[in-house]
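Raw contents of entry.txt, compact mmCIF, C-alpha atoms:
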```
# COMPACT_ATOMS: atom_id res chain seq x y z
CA MET A 1 117.80 92.59 125.60
CA ILE A 2 114.41 91.89 127.17
CA THR A 3 111.91 94.73 127.64
CA ILE A 4 108.32 94.98 128.79
CA ASN A 5 106.45 98.24 128.20
CA ASP A 6 109.73 99.98 127.36
CA LYS A 7 111.33 98.84 130.64
CA THR A 8 114.53 96.82 130.28
CA LEU A 9 114.48 93.58 132.26
CA CYS A 10 117.74 92.19 130.91
CA SER A 11 120.42 93.89 128.83
CA GLY A 12 121.90 90.64 127.55
CA CYS A 13 123.65 88.95 130.47
CA ALA A 14 125.62 85.75 130.03
CA ALA A 15 122.92 83.65 131.71
CA CYS A 16 120.27 84.80 129.25
CA ALA A 17 122.64 84.50 126.31
CA ASN A 18 123.14 80.80 127.10
CA LEU A 19 119.45 79.95 127.27
CA PRO A 20 118.30 77.33 124.73
CA LYS A 21 116.41 78.65 121.72
CA PHE A 22 113.22 76.92 122.82
CA THR A 23 113.42 78.62 126.22
CA TRP A 24 113.92 81.98 124.50
CA LYS A 25 110.77 81.38 122.49
CA ILE A 26 108.82 80.69 125.68
CA VAL A 27 110.25 83.84 127.32
CA LYS A 28 109.35 85.98 124.30
CA LEU A 29 105.84 84.50 124.26
CA ILE A 30 105.33 85.31 127.94
CA ILE A 31 106.62 88.84 127.42
CA SER A 32 104.32 89.24 124.44
CA ILE A 33 101.31 88.14 126.49
CA LEU A 34 102.24 90.48 129.34
CA GLU A 35 102.25 93.42 126.92
CA ILE A 36 98.64 92.85 125.83
CA PRO A 37 96.89 94.80 128.65
CA SER A 38 98.93 97.97 128.06
CA ALA A 39 98.43 97.61 124.29
CA TYR A 40 94.68 97.30 124.86
CA ARG A 41 94.66 100.54 126.85
CA LYS A 42 96.75 102.28 124.21
CA ALA A 43 94.44 101.19 121.38
CA LYS A 44 91.36 102.21 123.36
CA TYR A 45 92.83 105.66 123.98
CA GLN A 46 93.83 106.15 120.33
CA ILE A 47 90.39 105.07 119.13
CA SER A 48 88.72 107.49 121.56
CA ILE A 49 90.80 110.34 120.09
CA ASP A 50 89.95 109.29 116.53
CA LYS A 51 86.29 109.14 117.53
CA ILE A 52 86.34 112.77 118.72
CA PHE A 53 88.22 113.81 115.59
CA ASN A 54 85.62 112.16 113.36
CA GLU A 55 82.65 113.40 115.39
CA THR A 56 83.77 117.03 115.23
CA PHE A 57 84.30 116.71 111.47
CA ARG A 58 81.32 114.62 110.41
CA PHE A 59 78.63 115.16 113.05
CA ASN A 60 79.21 118.69 114.40
CA GLY A 61 80.54 117.26 117.64
CA GLU A 62 77.51 115.05 118.23
CA LYS A 63 77.95 111.44 119.34
CA MET A 64 78.96 109.09 116.52
CA PRO A 65 75.82 107.23 115.36
CA ARG A 66 75.68 103.45 115.34
CA TRP A 67 75.26 103.26 111.58
CA PHE A 68 78.60 104.99 111.04
CA LYS A 69 80.41 102.62 113.40
CA LYS A 70 79.49 99.82 111.00
CA LYS A 71 80.94 101.58 107.98
CA SER A 72 84.34 100.68 106.53
CA GLU A 73 85.58 104.25 107.03
CA TRP A 74 85.42 103.71 110.80
CA LYS A 75 86.05 99.97 111.10
CA ILE A 76 89.37 100.29 109.26
CA ILE A 77 90.50 102.98 111.73
CA GLU A 78 89.66 100.77 114.71
CA LEU A 79 91.58 97.87 113.19
CA TYR A 80 94.53 100.09 112.36
CA ARG A 81 94.79 101.35 115.94
CA LYS A 82 94.58 97.81 117.33
CA TYR A 83 97.31 96.68 114.96
CA GLN A 84 99.41 99.74 115.78
CA ALA A 85 99.13 99.19 119.55
CA ASN A 86 99.74 95.44 119.38
CA SER A 87 102.54 95.43 116.81
CA ASN A 88 105.07 94.16 119.38
CA ASN A 89 102.99 91.38 120.91
CA ILE A 90 101.35 88.14 119.89
CA LEU A 91 98.16 89.87 118.71
CA GLY A 92 100.02 92.04 116.21
CA LYS A 93 100.00 89.43 113.46
CA TYR A 94 96.32 88.74 114.06
CA TYR A 95 95.34 92.38 113.71
CA ARG A 96 97.60 92.86 110.71
CA TYR A 97 95.86 89.90 109.05
CA LYS A 98 92.45 91.42 109.82
CA LEU A 99 93.61 94.82 108.58
CA ASN A 100 94.93 93.31 105.35
CA PHE A 101 91.70 91.35 104.87
CA GLN A 102 89.64 94.48 105.41
CA GLY A 103 92.00 96.25 103.02
CA SER A 104 91.32 93.67 100.33
CA GLU A 105 87.62 94.45 100.72
CA THR A 106 87.95 98.24 100.80
CA GLY A 107 91.14 98.87 98.79
CA ILE A 108 92.89 100.54 101.75
CA ASP A 109 96.48 99.36 102.12
CA PHE A 110 98.63 100.68 104.95
CA GLU A 111 101.53 98.37 103.98
CA GLY A 112 102.31 97.81 107.65
CA ASN A 113 102.66 101.53 108.38
CA LEU A 114 102.60 102.22 112.14
CA ASN A 115 103.34 105.92 112.02
CA ILE A 116 100.02 107.76 111.93
CA GLY A 117 99.60 109.95 115.01
CA LYS A 118 96.49 110.84 117.00
CA GLY A 119 93.47 111.75 114.90
CA LEU A 120 92.69 109.91 111.66
CA ILE A 121 89.80 110.34 109.24
CA ILE A 122 89.15 108.09 106.26
CA GLY A 123 86.94 110.30 104.10
CA HIS A 124 85.67 107.50 101.88
CA TYR A 125 86.83 103.94 101.42
CA GLY A 126 88.39 103.03 98.10
CA ARG A 127 91.89 102.51 96.82
CA ILE A 128 94.31 104.13 99.29
CA ILE A 129 97.99 103.14 99.21
CA ILE A 130 100.38 104.26 101.93
CA ASN A 131 104.05 103.30 101.86
CA GLY A 132 104.97 101.51 105.07
CA GLY A 133 107.83 103.90 105.82
CA THR A 134 105.89 107.16 105.48
CA LYS A 135 106.01 109.29 108.63
CA PHE A 136 102.87 111.11 109.75
CA GLY A 137 102.08 113.69 112.38
CA GLU A 138 98.68 114.03 114.04
CA GLN A 139 95.21 114.87 112.69
CA ILE A 140 95.38 113.36 109.21
CA TYR A 141 92.64 113.06 106.58
CA LEU A 142 92.91 110.44 103.83
CA THR A 143 90.36 109.45 101.22
CA HIS A 144 89.86 107.26 98.16
CA GLY A 145 92.42 107.41 95.38
CA VAL A 146 95.25 108.68 97.58
CA THR A 147 98.74 107.30 96.93
CA ILE A 148 101.65 108.09 99.25
CA GLY A 149 104.72 106.43 97.89
CA GLN A 150 108.44 106.07 97.59
CA ASN A 151 110.99 107.31 95.07
CA ARG A 152 113.65 104.65 94.59
CA THR A 153 116.15 106.85 92.73
CA GLY A 154 117.16 110.47 92.32
CA LYS A 155 117.57 113.38 94.71
CA ARG A 156 114.15 112.67 96.25
CA LYS A 157 114.90 109.01 96.94
CA GLY A 158 112.88 107.90 99.95
CA VAL A 159 109.43 108.42 101.45
CA PRO A 160 107.44 111.48 102.56
CA THR A 161 107.26 112.98 106.03
CA ILE A 162 103.84 114.50 106.65
CA GLY A 163 103.15 117.02 109.43
CA ASN A 164 100.18 117.76 111.69
CA ARG A 165 96.72 118.71 110.45
CA VAL A 166 97.07 117.63 106.85
CA ARG A 167 94.14 116.88 104.56
CA ILE A 168 94.92 114.81 101.46
CA GLY A 169 92.19 114.90 98.84
CA THR A 170 90.83 112.41 96.35
CA ASN A 171 93.36 110.97 93.86
CA ALA A 172 96.22 113.04 95.27
CA ILE A 173 99.72 111.58 94.85
CA ILE A 174 102.58 112.32 97.23
CA VAL A 175 105.94 110.71 96.49
CA GLY A 176 109.58 110.88 97.45
CA ASN A 177 111.70 112.09 100.32
CA ILE A 178 109.79 115.31 100.88
CA ILE A 179 108.41 117.18 103.86
CA ILE A 180 104.80 118.30 104.05
CA GLY A 181 104.42 120.94 106.77
CA ASN A 182 101.62 121.55 109.26
CA ASP A 183 98.17 122.90 108.37
CA VAL A 184 98.27 121.82 104.74
CA VAL A 185 95.56 120.88 102.26
CA ILE A 186 96.57 118.70 99.31
CA ALA A 187 93.73 119.28 96.84
CA PRO A 188 92.08 116.46 94.88
CA GLY A 189 94.20 115.29 91.97
CA ALA A 190 97.34 117.14 93.08
CA PHE A 191 100.76 115.65 92.35
CA VAL A 192 103.33 116.48 95.03
CA ASN A 193 107.02 115.55 94.78
CA PHE A 194 108.42 118.65 96.48
CA ASP A 195 108.53 120.12 99.98
CA VAL A 196 105.43 121.98 101.07
CA PRO A 197 105.65 124.68 103.78
CA SER A 198 103.16 124.93 106.61
CA HIS A 199 99.90 126.84 106.04
CA SER A 200 99.59 125.92 102.38
CA VAL A 201 97.16 124.59 99.81
CA VAL A 202 98.61 122.53 96.93
CA ILE A 203 96.58 122.44 93.73
CA GLY A 204 97.12 120.79 90.36
CA ASN A 205 99.36 118.41 88.47
CA PRO A 206 102.12 119.46 88.63
CA GLY A 207 101.26 120.85 92.04
CA GLN A 208 101.41 124.56 92.81
CA ILE A 209 101.71 125.93 96.34
CA HIS A 210 99.35 128.65 97.56
CA HIS A 211 100.00 130.13 100.99
CA LYS A 212 96.95 130.23 103.25
CA GLU A 213 96.81 130.76 106.99
CA ASN A 214 94.55 128.27 108.76
CA ALA A 215 94.36 126.29 105.54
CA THR A 216 92.66 123.30 107.14
CA ASP A 217 89.94 125.19 109.03
CA GLY A 218 86.66 123.51 108.14
CA TYR A 219 88.43 120.63 106.38
CA LEU A 220 89.34 118.57 109.46
CA GLY A 221 87.97 117.68 112.85
CA ILE A 222 89.03 119.38 116.07
CA LEU A 223 91.09 117.94 118.92
```

Before we go any further, please render this structure as structure tokens.
Amino acid sequence: MITINDKTLCSGCAACANLPKFTWKIVKLIISILEIPSAYRKAKYQISIDKIFNETFRFNGEKMPRWFKKKSEWKIIELYRKYQANSNNILGKYYRYKLNFQGSETGIDFEGNLNIGKGLIIGHYGRIIINGGTKFGEQIYLTHGVTIGQNRTGKRKGVPTIGNRVRIGTNAIIVGNIIIGNDVVIAPGAFVNFDVPSHSVVIGNPGQIHHKENATDGYLGIL
């Protein structure tokens, strides 16, 4: 099957099936190149949303200053969005390399994760590990010391699913096939290997759930 921008050009006809491997490589390269403009627009849009999310959190809605644009906390977000948007074209490997290189400098490792929705804040660079299969909603805050990982055995085997408007504090650990709801704060140092309902704050190791409406008010940006 050949697709460009989610539009199917060929569903696997006999003529295409009989093309030589070298010809297929050329076709895939052309398709990859043709996808670049739409990927550029997608990355630009995602970055503009992240910019608003960061500005409303860090700068009271004022324009992001130039000095912050040079900081790792912002540069890593820009690279992540470019990698995310270009993952299916020829530039994907380039941006993944740049993201991994930046990660080696900052300690932030997305492990190829493409699942973070609109609105991302990196509170402070430092060791951040995110399992590649973790699913995220929108409006997410991550900071140094955070680990989001996989359980390989047991009833919680798998990776977390994290909802919308979730703030994950310093040195928090989230592991296993669990669901974190919407409007949740994971406090610094919390250990979470259980489902967390929406409108909650999780504190401690082992973590304890405290219900709180509008839990993330004042702890995230606004979109």

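In terms of minimum interatomic distance to A:Val166, A:Thr216 ranks closest within A:Gln208, A:Asn193, A:Ser38, A:Thr216, counting only C-alpha atoms.
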
Name the residues in contact with A:Val159 at a cut-off of 6 Å, using all atoms listed in the file, excluding same-chain residues fewer than 2 positions from it; report them as an mmCIF file with C-alpha atoms, in the frame of the given file.
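Result went into part-v3.cif, see below:
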```
data_model
loop_
_atom_site.group_PDB
_atom_site.id
_atom_site.type_symbol
_atom_site.label_atom_id
_atom_site.label_comp_id
_atom_site.auth_asym_id
_atom_site.auth_seq_id
_atom_site.Cartn_x
_atom_site.Cartn_y
_atom_site.Cartn_z
ATOM 1 C CA THR A 134 105.890 107.160 105.480
ATOM 2 C CA GLN A 150 108.440 106.070 97.590
ATOM 3 C CA GLY A 176 109.580 110.880 97.450
ATOM 4 C CA ASN A 177 111.700 112.090 100.320
#
```

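Proximity to A:His211 at 8 Å, evaluated using only C-alpha atoms and with sequence-adjacent residues fewer than 2 positions away removed, yields His199, Ser200, Val201, Ile209 and Glu213 of chain A.
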
Which residues, written as a VMD selection string, have at least one atom at most 8 Å from A:Ile77, with all atoms listed in the file counted and residues fewer than 2 positions away on the same chain left out?
-> chain A and resid 47 50 73 to 75 79 to 81 120 to 122

Using C-alpha atoms, can you export the residues from the last selection as a CSV table (one decimal), in the coordinates of the input?
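Saved file part-v9.csv follows:
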```csv
chain,number,residue,atom,x,y,z
A,47,ILE,CA,90.4,105.1,119.1
A,50,ASP,CA,90.0,109.3,116.5
A,73,GLU,CA,85.6,104.2,107.0
A,74,TRP,CA,85.4,103.7,110.8
A,75,LYS,CA,86.0,100.0,111.1
A,79,LEU,CA,91.6,97.9,113.2
A,80,TYR,CA,94.5,100.1,112.4
A,81,ARG,CA,94.8,101.4,115.9
A,120,LEU,CA,92.7,109.9,111.7
A,121,ILE,CA,89.8,110.3,109.2
A,122,ILE,CA,89.2,108.1,106.3
```

Quick one: everything within 8 Å of stretch 88-105 of chain A, counting all atoms listed in the file, minus sequence neighbours fewer than 2 positions away in the same chain. Send it as a ChimeraX atom specification.
-> /A:29,31-33,35-36,76,79-80,82-86,107-109,112
